[in-house]
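Here is the file entry05.pdb (PDB, N, CA and C atoms).
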ATOM      1  N   MET I 159     -18.789 -20.641  15.544
ATOM      2  CA  MET I 159     -18.036 -19.762  16.408
ATOM      3  C   MET I 159     -16.581 -19.668  15.954
ATOM      4  N   VAL I 160     -16.006 -20.799  15.599
ATOM      5  CA  VAL I 160     -14.619 -20.812  15.144
ATOM      6  C   VAL I 160     -14.483 -19.994  13.862
ATOM      7  N   TYR I 161     -15.466 -20.101  12.961
ATOM      8  CA  TYR I 161     -15.441 -19.358  11.708
ATOM      9  C   TYR I 161     -15.333 -17.857  11.965
ATOM     10  N   PHE I 162     -16.147 -17.337  12.877
ATOM     11  CA  PHE I 162     -16.137 -15.903  13.156
ATOM     12  C   PHE I 162     -14.811 -15.468  13.753
ATOM     13  N   PHE I 163     -14.246 -16.298  14.619
ATOM     14  CA  PHE I 163     -12.951 -15.964  15.197
ATOM     15  C   PHE I 163     -11.877 -15.939  14.116
ATOM     16  N   MET I 164     -11.872 -16.943  13.239
ATOM     17  CA  MET I 164     -10.873 -17.010  12.177
ATOM     18  C   MET I 164     -11.029 -15.835  11.202
ATOM     19  N   LYS I 165     -12.267 -15.474  10.889
ATOM     20  CA  LYS I 165     -12.496 -14.344  10.003
ATOM     21  C   LYS I 165     -11.997 -13.064  10.656
ATOM     22  N   TYR I 166     -12.278 -12.880  11.934
ATOM     23  CA  TYR I 166     -11.808 -11.702  12.655
ATOM     24  C   TYR I 166     -10.283 -11.671  12.664
ATOM     25  N   LEU I 167      -9.658 -12.809  12.937
ATOM     26  CA  LEU I 167      -8.202 -12.890  12.982
ATOM     27  C   LEU I 167      -7.618 -12.578  11.610
ATOM     28  N   TYR I 168      -8.218 -13.130  10.548
ATOM     29  CA  TYR I 168      -7.748 -12.867   9.192
ATOM     30  C   TYR I 168      -7.852 -11.378   8.859
ATOM     31  N   ASP I 169      -8.989 -10.760   9.167
ATOM     32  CA  ASP I 169      -9.174  -9.341   8.916
ATOM     33  C   ASP I 169      -8.151  -8.518   9.682
ATOM     34  N   TYR I 170      -7.881  -8.889  10.911
ATOM     35  CA  TYR I 170      -6.919  -8.148  11.727
ATOM     36  C   TYR I 170      -5.524  -8.243  11.123
ATOM     37  N   ILE I 171      -5.125  -9.453  10.726
ATOM     38  CA  ILE I 171      -3.796  -9.633  10.150
ATOM     39  C   ILE I 171      -3.681  -8.870   8.835
ATOM     40  N   THR I 172      -4.708  -8.947   7.999
ATOM     41  CA  THR I 172      -4.690  -8.255   6.719
ATOM     42  C   THR I 172      -4.598  -6.748   6.924
ATOM     43  N   MET I 173      -5.382  -6.204   7.842
ATOM     44  CA  MET I 173      -5.356  -4.768   8.065
ATOM     45  C   MET I 173      -4.038  -4.322   8.682
ATOM     46  N   ALA I 174      -3.458  -5.129   9.567
ATOM     47  CA  ALA I 174      -2.162  -4.782  10.131
ATOM     48  C   ALA I 174      -1.146  -4.670   9.009
ATOM     49  N   THR I 175      -1.229  -5.572   8.048
ATOM     50  CA  THR I 175      -0.308  -5.541   6.919
ATOM     51  C   THR I 175      -0.547  -4.298   6.068
ATOM     52  N   LEU I 176      -1.809  -3.977   5.795
ATOM     53  CA  LEU I 176      -2.123  -2.775   5.022
ATOM     54  C   LEU I 176      -1.649  -1.542   5.763
ATOM     55  N   ARG I 177      -1.920  -1.476   7.042
ATOM     56  CA  ARG I 177      -1.509  -0.335   7.853
ATOM     57  C   ARG I 177       0.012  -0.172   7.812
ATOM     58  N   GLU I 178       0.733  -1.253   8.012
ATOM     59  CA  GLU I 178       2.194  -1.195   7.998
ATOM     60  C   GLU I 178       2.722  -0.819   6.622
ATOM     61  N   MET I 179       2.106  -1.366   5.571
ATOM     62  CA  MET I 179       2.549  -1.078   4.214
ATOM     63  C   MET I 179       2.356   0.397   3.877
ATOM     64  N   LEU I 180       1.226   0.973   4.284
ATOM     65  CA  LEU I 180       0.992   2.394   4.014
ATOM     66  C   LEU I 180       1.999   3.266   4.757
ATOM     67  N   HIS I 181       2.298   2.926   5.992
ATOM     68  CA  HIS I 181       3.301   3.681   6.746
ATOM     69  C   HIS I 181       4.668   3.586   6.061
ATOM     70  N   THR I 182       5.034   2.392   5.653
ATOM     71  CA  THR I 182       6.324   2.176   4.989
ATOM     72  C   THR I 182       6.410   2.961   3.688
ATOM     73  N   LEU I 183       5.347   2.895   2.896
ATOM     74  CA  LEU I 183       5.353   3.587   1.607
ATOM     75  C   LEU I 183       5.351   5.099   1.766
ATOM     76  N   GLU I 184       4.604   5.603   2.732
ATOM     77  CA  GLU I 184       4.621   7.050   2.980
ATOM     78  C   GLU I 184       6.032   7.525   3.286
ATOM     79  N   LYS I 185       6.682   6.814   4.167
ATOM     80  CA  LYS I 185       8.032   7.195   4.580
ATOM     81  C   LYS I 185       9.005   7.111   3.403
ATOM     82  N   ALA I 186       8.927   6.026   2.655
ATOM     83  CA  ALA I 186       9.837   5.821   1.534
ATOM     84  C   ALA I 186       9.598   6.809   0.399
ATOM     85  N   LEU I 187       8.334   7.085   0.111
ATOM     86  CA  LEU I 187       8.000   7.980  -0.994
ATOM     87  C   LEU I 187       8.086   9.450  -0.607
ATOM     88  N   GLY I 188       8.066   9.717   0.700
ATOM     89  CA  GLY I 188       8.115  11.105   1.158
ATOM     90  C   GLY I 188       6.818  11.856   0.909
ATOM     91  N   VAL I 189       5.724  11.129   0.791
ATOM     92  CA  VAL I 189       4.399  11.727   0.626
ATOM     93  C   VAL I 189       3.500  11.165   1.715
ATOM     94  N   TYR I 190       2.551  11.968   2.149
ATOM     95  CA  TYR I 190       1.762  11.565   3.310
ATOM     96  C   TYR I 190       0.273  11.692   3.048
ATOM     97  N   GLY I 191      -0.518  11.411   4.087
ATOM     98  CA  GLY I 191      -1.957  11.271   4.043
ATOM     99  C   GLY I 191      -2.729  12.179   3.111
ATOM    100  N   LYS I 192      -2.618  13.472   3.316
ATOM    101  CA  LYS I 192      -3.438  14.396   2.530
ATOM    102  C   LYS I 192      -3.102  14.304   1.041
ATOM    103  N   TYR I 193      -1.815  14.264   0.723
ATOM    104  CA  TYR I 193      -1.398  14.174  -0.675
ATOM    105  C   TYR I 193      -1.885  12.865  -1.295
ATOM    106  N   ILE I 194      -1.668  11.750  -0.584
ATOM    107  CA  ILE I 194      -2.061  10.451  -1.125
ATOM    108  C   ILE I 194      -3.574  10.358  -1.284
ATOM    109  N   SER I 195      -4.319  10.815  -0.287
ATOM    110  CA  SER I 195      -5.775  10.748  -0.387
ATOM    111  C   SER I 195      -6.287  11.600  -1.547
ATOM    112  N   THR I 196      -5.658  12.740  -1.775
ATOM    113  CA  THR I 196      -6.043  13.594  -2.903
ATOM    114  C   THR I 196      -5.770  12.886  -4.225
ATOM    115  N   GLN I 197      -4.592  12.287  -4.341
ATOM    116  CA  GLN I 197      -4.239  11.574  -5.568
ATOM    117  C   GLN I 197      -5.159  10.388  -5.827
ATOM    118  N   LEU I 198      -5.537   9.680  -4.761
ATOM    119  CA  LEU I 198      -6.404   8.518  -4.909
ATOM    120  C   LEU I 198      -7.876   8.897  -5.028
ATOM    121  N   ARG I 199      -8.161  10.180  -4.816
ATOM    122  CA  ARG I 199      -9.529  10.705  -4.853
ATOM    123  C   ARG I 199     -10.442  10.037  -3.827
ATOM    124  N   VAL I 200      -9.910   9.923  -2.615
ATOM    125  CA  VAL I 200     -10.703   9.439  -1.488
ATOM    126  C   VAL I 200     -10.624  10.493  -0.392
ATOM    127  N   LYS I 201     -11.577  10.469   0.509
ATOM    128  CA  LYS I 201     -11.557  11.411   1.616
ATOM    129  C   LYS I 201     -10.343  11.140   2.494
ATOM    130  N   GLN I 202      -9.805  12.205   3.061
ATOM    131  CA  GLN I 202      -8.652  12.048   3.936
ATOM    132  C   GLN I 202      -8.999  11.163   5.142
ATOM    133  N   THR I 203     -10.230  11.265   5.618
ATOM    134  CA  THR I 203     -10.645  10.431   6.752
ATOM    135  C   THR I 203     -10.683   8.948   6.368
ATOM    136  N   THR I 204     -11.035   8.662   5.118
ATOM    137  CA  THR I 204     -11.033   7.279   4.642
ATOM    138  C   THR I 204      -9.610   6.733   4.632
ATOM    139  N   TYR I 205      -8.700   7.520   4.053
ATOM    140  CA  TYR I 205      -7.295   7.096   4.015
ATOM    141  C   TYR I 205      -6.753   6.911   5.428
ATOM    142  N   SER I 206      -7.082   7.842   6.290
ATOM    143  CA  SER I 206      -6.631   7.767   7.681
ATOM    144  C   SER I 206      -7.150   6.502   8.364
ATOM    145  N   SER I 207      -8.378   6.130   8.055
ATOM    146  CA  SER I 207      -8.943   4.926   8.669
ATOM    147  C   SER I 207      -8.225   3.659   8.164
ATOM    148  N   TRP I 208      -7.709   3.674   6.936
ATOM    149  CA  TRP I 208      -6.900   2.543   6.460
ATOM    150  C   TRP I 208      -5.586   2.494   7.217
ATOM    151  N   LYS I 209      -5.006   3.678   7.415
ATOM    152  CA  LYS I 209      -3.708   3.728   8.091
ATOM    153  C   LYS I 209      -3.783   3.314   9.550
ATOM    154  N   THR I 210      -4.898   3.562  10.183
ATOM    155  CA  THR I 210      -5.039   3.189  11.592
ATOM    156  C   THR I 210      -5.617   1.789  11.757
ATOM    157  N   GLY I 211      -6.089   1.199  10.665
ATOM    158  CA  GLY I 211      -6.664  -0.131  10.720
ATOM    159  C   GLY I 211      -8.126  -0.145  11.119
ATOM    160  N   GLN I 212      -8.757   1.033  11.200
ATOM    161  CA  GLN I 212     -10.168   1.098  11.586
ATOM    162  C   GLN I 212     -11.088   0.676  10.448
ATOM    163  N   ASN I 213     -10.654   0.888   9.216
ATOM    164  CA  ASN I 213     -11.472   0.533   8.059
ATOM    165  C   ASN I 213     -10.790  -0.610   7.327
ATOM    166  N   LYS I 214     -11.504  -1.690   7.108
ATOM    167  CA  LYS I 214     -10.909  -2.823   6.407
ATOM    168  C   LYS I 214     -11.386  -2.946   4.971
ATOM    169  N   ASN I 215     -12.062  -1.930   4.462
ATOM    170  CA  ASN I 215     -12.560  -1.960   3.087
ATOM    171  C   ASN I 215     -11.702  -1.075   2.197
ATOM    172  N   CYS I 216     -11.020  -1.710   1.285
ATOM    173  CA  CYS I 216     -10.229  -0.988   0.300
ATOM    174  C   CYS I 216     -10.538  -1.628  -1.039
ATOM    175  N   SER I 217     -11.161  -0.887  -1.923
ATOM    176  CA  SER I 217     -11.621  -1.472  -3.183
ATOM    177  C   SER I 217     -10.467  -1.695  -4.150
ATOM    178  N   ILE I 218     -10.699  -2.562  -5.097
ATOM    179  CA  ILE I 218      -9.693  -2.867  -6.108
ATOM    180  C   ILE I 218      -9.363  -1.626  -6.931
ATOM    181  N   SER I 219     -10.328  -0.722  -7.089
ATOM    182  CA  SER I 219     -10.059   0.506  -7.854
ATOM    183  C   SER I 219      -9.024   1.372  -7.146
ATOM    184  N   VAL I 220      -8.999   1.328  -5.814
ATOM    185  CA  VAL I 220      -7.986   2.084  -5.065
ATOM    186  C   VAL I 220      -6.611   1.470  -5.308
ATOM    187  N   TYR I 221      -6.531   0.145  -5.313
ATOM    188  CA  TYR I 221      -5.261  -0.512  -5.618
ATOM    189  C   TYR I 221      -4.775  -0.130  -7.014
ATOM    190  N   GLU I 222      -5.709  -0.114  -7.962
ATOM    191  CA  GLU I 222      -5.352   0.236  -9.341
ATOM    192  C   GLU I 222      -4.879   1.692  -9.443
ATOM    193  N   LYS I 223      -5.568   2.603  -8.750
ATOM    194  CA  LYS I 223      -5.154   4.012  -8.762
ATOM    195  C   LYS I 223      -3.770   4.172  -8.146
ATOM    196  N   PHE I 224      -3.514   3.467  -7.049
ATOM    197  CA  PHE I 224      -2.217   3.551  -6.388
ATOM    198  C   PHE I 224      -1.113   3.093  -7.350
ATOM    199  N   LYS I 225      -1.382   2.019  -8.055
ATOM    200  CA  LYS I 225      -0.426   1.483  -9.025
ATOM    201  C   LYS I 225      -0.198   2.472 -10.168
ATOM    202  N   GLU I 226      -1.271   3.054 -10.651
ATOM    203  CA  GLU I 226      -1.201   4.006 -11.762
ATOM    204  C   GLU I 226      -0.444   5.279 -11.376
ATOM    205  N   ILE I 227      -0.675   5.776 -10.174
ATOM    206  CA  ILE I 227      -0.084   7.041  -9.741
ATOM    207  C   ILE I 227       1.351   6.887  -9.252
ATOM    208  N   PHE I 228       1.585   5.878  -8.405
ATOM    209  CA  PHE I 228       2.877   5.759  -7.737
ATOM    210  C   PHE I 228       3.782   4.667  -8.311
ATOM    211  N   GLY I 229       3.248   3.833  -9.205
ATOM    212  CA  GLY I 229       4.069   2.782  -9.800
ATOM    213  C   GLY I 229       4.334   1.621  -8.860
ATOM    214  N   ILE I 230       3.527   1.517  -7.811
ATOM    215  CA  ILE I 230       3.667   0.434  -6.846
ATOM    216  C   ILE I 230       2.359  -0.339  -6.794
ATOM    217  N   ASP I 231       2.469  -1.642  -6.982
ATOM    218  CA  ASP I 231       1.285  -2.488  -6.938
ATOM    219  C   ASP I 231       1.010  -2.841  -5.485
ATOM    220  N   LEU I 232       0.145  -2.072  -4.858
ATOM    221  CA  LEU I 232      -0.166  -2.241  -3.443
ATOM    222  C   LEU I 232      -0.797  -3.604  -3.175
ATOM    223  N   TYR I 233      -1.637  -4.063  -4.074
ATOM    224  CA  TYR I 233      -2.290  -5.364  -3.895
ATOM    225  C   TYR I 233      -1.256  -6.491  -3.865
ATOM    226  N   GLN I 234      -0.376  -6.518  -4.854
ATOM    227  CA  GLN I 234       0.674  -7.541  -4.902
ATOM    228  C   GLN I 234       1.628  -7.399  -3.716
ATOM    229  N   SER I 235       1.897  -6.176  -3.320
ATOM    230  CA  SER I 235       2.777  -5.931  -2.174
ATOM    231  C   SER I 235       2.204  -6.574  -0.924
ATOM    232  N   LEU I 236       0.910  -6.436  -0.729
ATOM    233  CA  LEU I 236       0.264  -7.035   0.438
ATOM    234  C   LEU I 236       0.236  -8.554   0.345
ATOM    235  N   GLN I 237       0.011  -9.078  -0.848
ATOM    236  CA  GLN I 237      -0.061 -10.531  -1.028
ATOM    237  C   GLN I 237       1.293 -11.208  -0.812
ATOM    238  N   LYS I 238       2.360 -10.542  -1.247
ATOM    239  CA  LYS I 238       3.684 -11.168  -1.222
ATOM    240  C   LYS I 238       4.579 -10.621  -0.117
ATOM    241  N   ASP I 239       4.074  -9.647   0.641
ATOM    242  CA  ASP I 239       4.809  -9.048   1.752
ATOM    243  C   ASP I 239       6.149  -8.450   1.328
ATOM    244  N   VAL I 240       6.166  -7.878   0.134
ATOM    245  CA  VAL I 240       7.308  -7.116  -0.364
ATOM    246  C   VAL I 240       6.746  -5.894  -1.074
ATOM    247  N   ILE I 241       7.563  -4.894  -1.269
ATOM    248  CA  ILE I 241       7.118  -3.736  -2.041
ATOM    249  C   ILE I 241       7.298  -4.093  -3.509
ATOM    250  N   PHE I 242       6.188  -4.158  -4.209
ATOM    251  CA  PHE I 242       6.156  -4.625  -5.587
ATOM    252  C   PHE I 242       6.098  -3.413  -6.515
ATOM    253  N   ILE I 243       7.233  -3.083  -7.114
ATOM    254  CA  ILE I 243       7.306  -1.925  -8.011
ATOM    255  C   ILE I 243       6.903  -2.376  -9.407
ATOM    256  N   SER I 244       5.826  -1.806  -9.904
ATOM    257  CA  SER I 244       5.334  -2.195 -11.223
ATOM    258  C   SER I 244       5.794  -1.236 -12.313
ATOM    259  N   ASP I 245       6.131  -0.002 -11.944
ATOM    260  CA  ASP I 245       6.585   0.988 -12.927
ATOM    261  C   ASP I 245       7.566   1.941 -12.244
ATOM    262  N   ALA I 246       8.829   1.607 -12.314
ATOM    263  CA  ALA I 246       9.866   2.392 -11.634
ATOM    264  C   ALA I 246       9.979   3.807 -12.203
ATOM    265  N   LYS I 247       9.501   4.026 -13.430
ATOM    266  CA  LYS I 247       9.579   5.361 -14.030
ATOM    267  C   LYS I 247       8.707   6.383 -13.296
ATOM    268  N   LYS I 248       7.736   5.904 -12.522
ATOM    269  CA  LYS I 248       6.852   6.820 -11.788
ATOM    270  C   LYS I 248       7.474   7.274 -10.471
ATOM    271  N   LEU I 249       8.613   6.695 -10.131
ATOM    272  CA  LEU I 249       9.308   7.058  -8.894
ATOM    273  C   LEU I 249      10.500   7.955  -9.210
ATOM    274  N   SER I 250      10.784   8.875  -8.298
ATOM    275  CA  SER I 250      12.002   9.658  -8.461
ATOM    276  C   SER I 250      13.189   8.768  -8.121
ATOM    277  N   LYS I 251      14.375   9.195  -8.493
ATOM    278  CA  LYS I 251      15.574   8.421  -8.195
ATOM    279  C   LYS I 251      15.722   8.210  -6.691
ATOM    280  N   GLU I 252      15.442   9.255  -5.920
ATOM    281  CA  GLU I 252      15.556   9.176  -4.461
ATOM    282  C   GLU I 252      14.541   8.187  -3.881
ATOM    283  N   GLN I 253      13.306   8.264  -4.355
ATOM    284  CA  GLN I 253      12.268   7.350  -3.875
ATOM    285  C   GLN I 253      12.649   5.899  -4.188
ATOM    286  N   TYR I 254      13.118   5.663  -5.392
ATOM    287  CA  TYR I 254      13.509   4.327  -5.805
ATOM    288  C   TYR I 254      14.635   3.797  -4.913
ATOM    289  N   GLU I 255      15.646   4.626  -4.678
ATOM    290  CA  GLU I 255      16.781   4.206  -3.855
ATOM    291  C   GLU I 255      16.357   3.900  -2.424
ATOM    292  N   VAL I 256      15.465   4.717  -1.864
ATOM    293  CA  VAL I 256      14.983   4.473  -0.502
ATOM    294  C   VAL I 256      14.233   3.146  -0.445
ATOM    295  N   LEU I 257      13.380   2.893  -1.410
ATOM    296  CA  LEU I 257      12.618   1.644  -1.432
ATOM    297  C   LEU I 257      13.539   0.426  -1.547
ATOM    298  N   VAL I 258      14.515   0.501  -2.443
ATOM    299  CA  VAL I 258      15.385  -0.637  -2.689
ATOM    300  C   VAL I 258      16.315  -0.903  -1.505
ATOM    301  N   THR I 259      16.800   0.142  -0.847
ATOM    302  CA  THR I 259      17.756  -0.059   0.246
ATOM    303  C   THR I 259      17.101  -0.379   1.578
ATOM    304  N   ASN I 260      15.809  -0.064   1.747
ATOM    305  CA  ASN I 260      15.178  -0.226   3.056
ATOM    306  C   ASN I 260      14.296  -1.450   3.226
ATOM    307  N   GLY I 261      14.222  -2.298   2.280
ATOM    308  CA  GLY I 261      13.354  -3.442   2.512
ATOM    309  C   GLY I 261      13.268  -4.362   1.328
ATOM    310  N   PRO I 262      12.548  -5.446   1.528
ATOM    311  CA  PRO I 262      12.386  -6.374   0.417
ATOM    312  C   PRO I 262      11.551  -5.735  -0.683
ATOM    313  N   VAL I 263      12.111  -5.726  -1.875
ATOM    314  CA  VAL I 263      11.456  -5.091  -3.022
ATOM    315  C   VAL I 263      11.489  -6.064  -4.195
ATOM    316  N   LYS I 264      10.411  -6.103  -4.943
ATOM    317  CA  LYS I 264      10.368  -6.874  -6.176
ATOM    318  C   LYS I 264      10.019  -5.906  -7.281
ATOM    319  N   ILE I 265      10.778  -5.957  -8.355
ATOM    320  CA  ILE I 265      10.538  -5.084  -9.491
ATOM    321  C   ILE I 265       9.968  -5.933 -10.622
ATOM    322  N   GLU I 266       8.801  -5.552 -11.090
ATOM    323  CA  GLU I 266       8.152  -6.293 -12.165
ATOM    324  C   GLU I 266       8.861  -5.970 -13.486
ATOM    325  N   ARG I 267       9.286  -6.990 -14.166
ATOM    326  CA  ARG I 267       9.942  -6.823 -15.455
ATOM    327  C   ARG I 267       8.927  -7.083 -16.555
ATOM    328  N   LEU I 268       8.908  -6.197 -17.523
ATOM    329  CA  LEU I 268       8.002  -6.403 -18.658
ATOM    330  C   LEU I 268       8.581  -7.472 -19.564
ATOM    331  N   GLN I 269       7.740  -8.379 -20.024
ATOM    332  CA  GLN I 269       8.221  -9.499 -20.839
ATOM    333  C   GLN I 269       8.014  -9.217 -22.300
TER
END
Spit out the file's structure as structure tokens when you get a sec.
Amino acid sequence: MVYFFMKYLYDYITMATLREMLHTLEKALGVYGKYISTQLRVKQTTYSSWKTGQNKNCSISVYEKFKEIFGIDLYQSLQKDVIFISDAKKLSKEQYEVLVTNGPVKIERLQ
């Protein structure tokens, strides 16, 4: 019984973080549901269900597409609770400035 409660609690916390991160990124990037879902090649209803926390399934390929398209590592962002910019060249100057000034941001440096 405790296992099921802990799993439910973990899923809830993880989805709340995903939901909040998507809202934050939409606002910072100035792009929203329909555009993002089109770029990620997922149904708009699927993306919407992530944003509302109704769907807790987000595949690794979606994280990879998000990173490839927007230059933000969504997976690392969720793990470290910061916006993890993996490729700043994919962001406009305005998007970059909004991200850096509005919250904790980590920029991945190539070694």
Practice prompt. Output the residue selection produced by the PyMOL selection byres (((chain I and resi 187 and name CA) around 10) and name CA) on the file above, formatted as a PyMOL selection string.
Written response: chain I and resi 182-186+188-190+228+249-250+252-257
Go through range 213-252 of chain I and flag each residue having an atom no more than 7 Å from range 195-209 of chain I; for those, report the closest pair of atoms plus their distance in Å to one decimal, using only C-alpha atoms, ordered by chain and rising number, as JSON lines.
{"residue": "I:Asn213", "atom": "CA", "partner": "I:Ser207", "partner_atom": "CA", "distance": 5.1}
{"residue": "I:Lys214", "atom": "CA", "partner": "I:Trp208", "partner_atom": "CA", "distance": 6.7}
{"residue": "I:Val220", "atom": "CA", "partner": "I:Leu198", "partner_atom": "CA", "distance": 6.6}
{"residue": "I:Lys223", "atom": "CA", "partner": "I:Leu198", "partner_atom": "CA", "distance": 6.1}
{"residue": "I:Phe224", "atom": "CA", "partner": "I:Leu198", "partner_atom": "CA", "distance": 6.7}
Fill in: DSSP strand (DSSP E) residues within range 233-267 of chain I, as a PyMOL selection string
chain I and resi 241-243+263-265
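In this model, the gap between CA of Thr210 in chain I and atom C of Val263 in chain I comes to 24.7 Å.
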Just the residues within 6 Å of range 231-246 of chain I, please, counting all atoms listed in the file, with nothing from its chain fewer than 2 positions along; format it as a PDB file with N, CA and C atoms, keeping the file's coordinate frame.
ATOM      1  N   TYR I 221      -6.531   0.145  -5.313  1.00  0.00           N
ATOM      2  CA  TYR I 221      -5.261  -0.512  -5.618  1.00  0.00           C
ATOM      3  C   TYR I 221      -4.775  -0.130  -7.014  1.00  0.00           C
ATOM      4  N   PHE I 224      -3.514   3.467  -7.049  1.00  0.00           N
ATOM      5  CA  PHE I 224      -2.217   3.551  -6.388  1.00  0.00           C
ATOM      6  C   PHE I 224      -1.113   3.093  -7.350  1.00  0.00           C
ATOM      7  N   LYS I 225      -1.382   2.019  -8.055  1.00  0.00           N
ATOM      8  CA  LYS I 225      -0.426   1.483  -9.025  1.00  0.00           C
ATOM      9  C   LYS I 225      -0.198   2.472 -10.168  1.00  0.00           C
ATOM     10  N   GLY I 229       3.248   3.833  -9.205  1.00  0.00           N
ATOM     11  CA  GLY I 229       4.069   2.782  -9.800  1.00  0.00           C
ATOM     12  C   GLY I 229       4.334   1.621  -8.860  1.00  0.00           C
ATOM     13  N   LYS I 248       7.736   5.904 -12.522  1.00  0.00           N
ATOM     14  CA  LYS I 248       6.852   6.820 -11.788  1.00  0.00           C
ATOM     15  C   LYS I 248       7.474   7.274 -10.471  1.00  0.00           C
ATOM     16  N   LEU I 249       8.613   6.695 -10.131  1.00  0.00           N
ATOM     17  CA  LEU I 249       9.308   7.058  -8.894  1.00  0.00           C
ATOM     18  C   LEU I 249      10.500   7.955  -9.210  1.00  0.00           C
ATOM     19  N   PRO I 262      12.548  -5.446   1.528  1.00  0.00           N
ATOM     20  CA  PRO I 262      12.386  -6.374   0.417  1.00  0.00           C
ATOM     21  C   PRO I 262      11.551  -5.735  -0.683  1.00  0.00           C
ATOM     22  N   VAL I 263      12.111  -5.726  -1.875  1.00  0.00           N
ATOM     23  CA  VAL I 263      11.456  -5.091  -3.022  1.00  0.00           C
ATOM     24  C   VAL I 263      11.489  -6.064  -4.195  1.00  0.00           C
ATOM     25  N   LYS I 264      10.411  -6.103  -4.943  1.00  0.00           N
ATOM     26  CA  LYS I 264      10.368  -6.874  -6.176  1.00  0.00           C
ATOM     27  C   LYS I 264      10.019  -5.906  -7.281  1.00  0.00           C
ATOM     28  N   ILE I 265      10.778  -5.957  -8.355  1.00  0.00           N
ATOM     29  CA  ILE I 265      10.538  -5.084  -9.491  1.00  0.00           C
ATOM     30  C   ILE I 265       9.968  -5.933 -10.622  1.00  0.00           C
ATOM     31  N   GLU I 266       8.801  -5.552 -11.090  1.00  0.00           N
ATOM     32  CA  GLU I 266       8.152  -6.293 -12.165  1.00  0.00           C
ATOM     33  C   GLU I 266       8.861  -5.970 -13.486  1.00  0.00           C
TER      34      GLU I 266
END
Worksheet item: How many Å lie between atom N of Glu226 in chain I and CA of Thr175 in chain I, rounded to one decimal?
Response: 19.6 Å
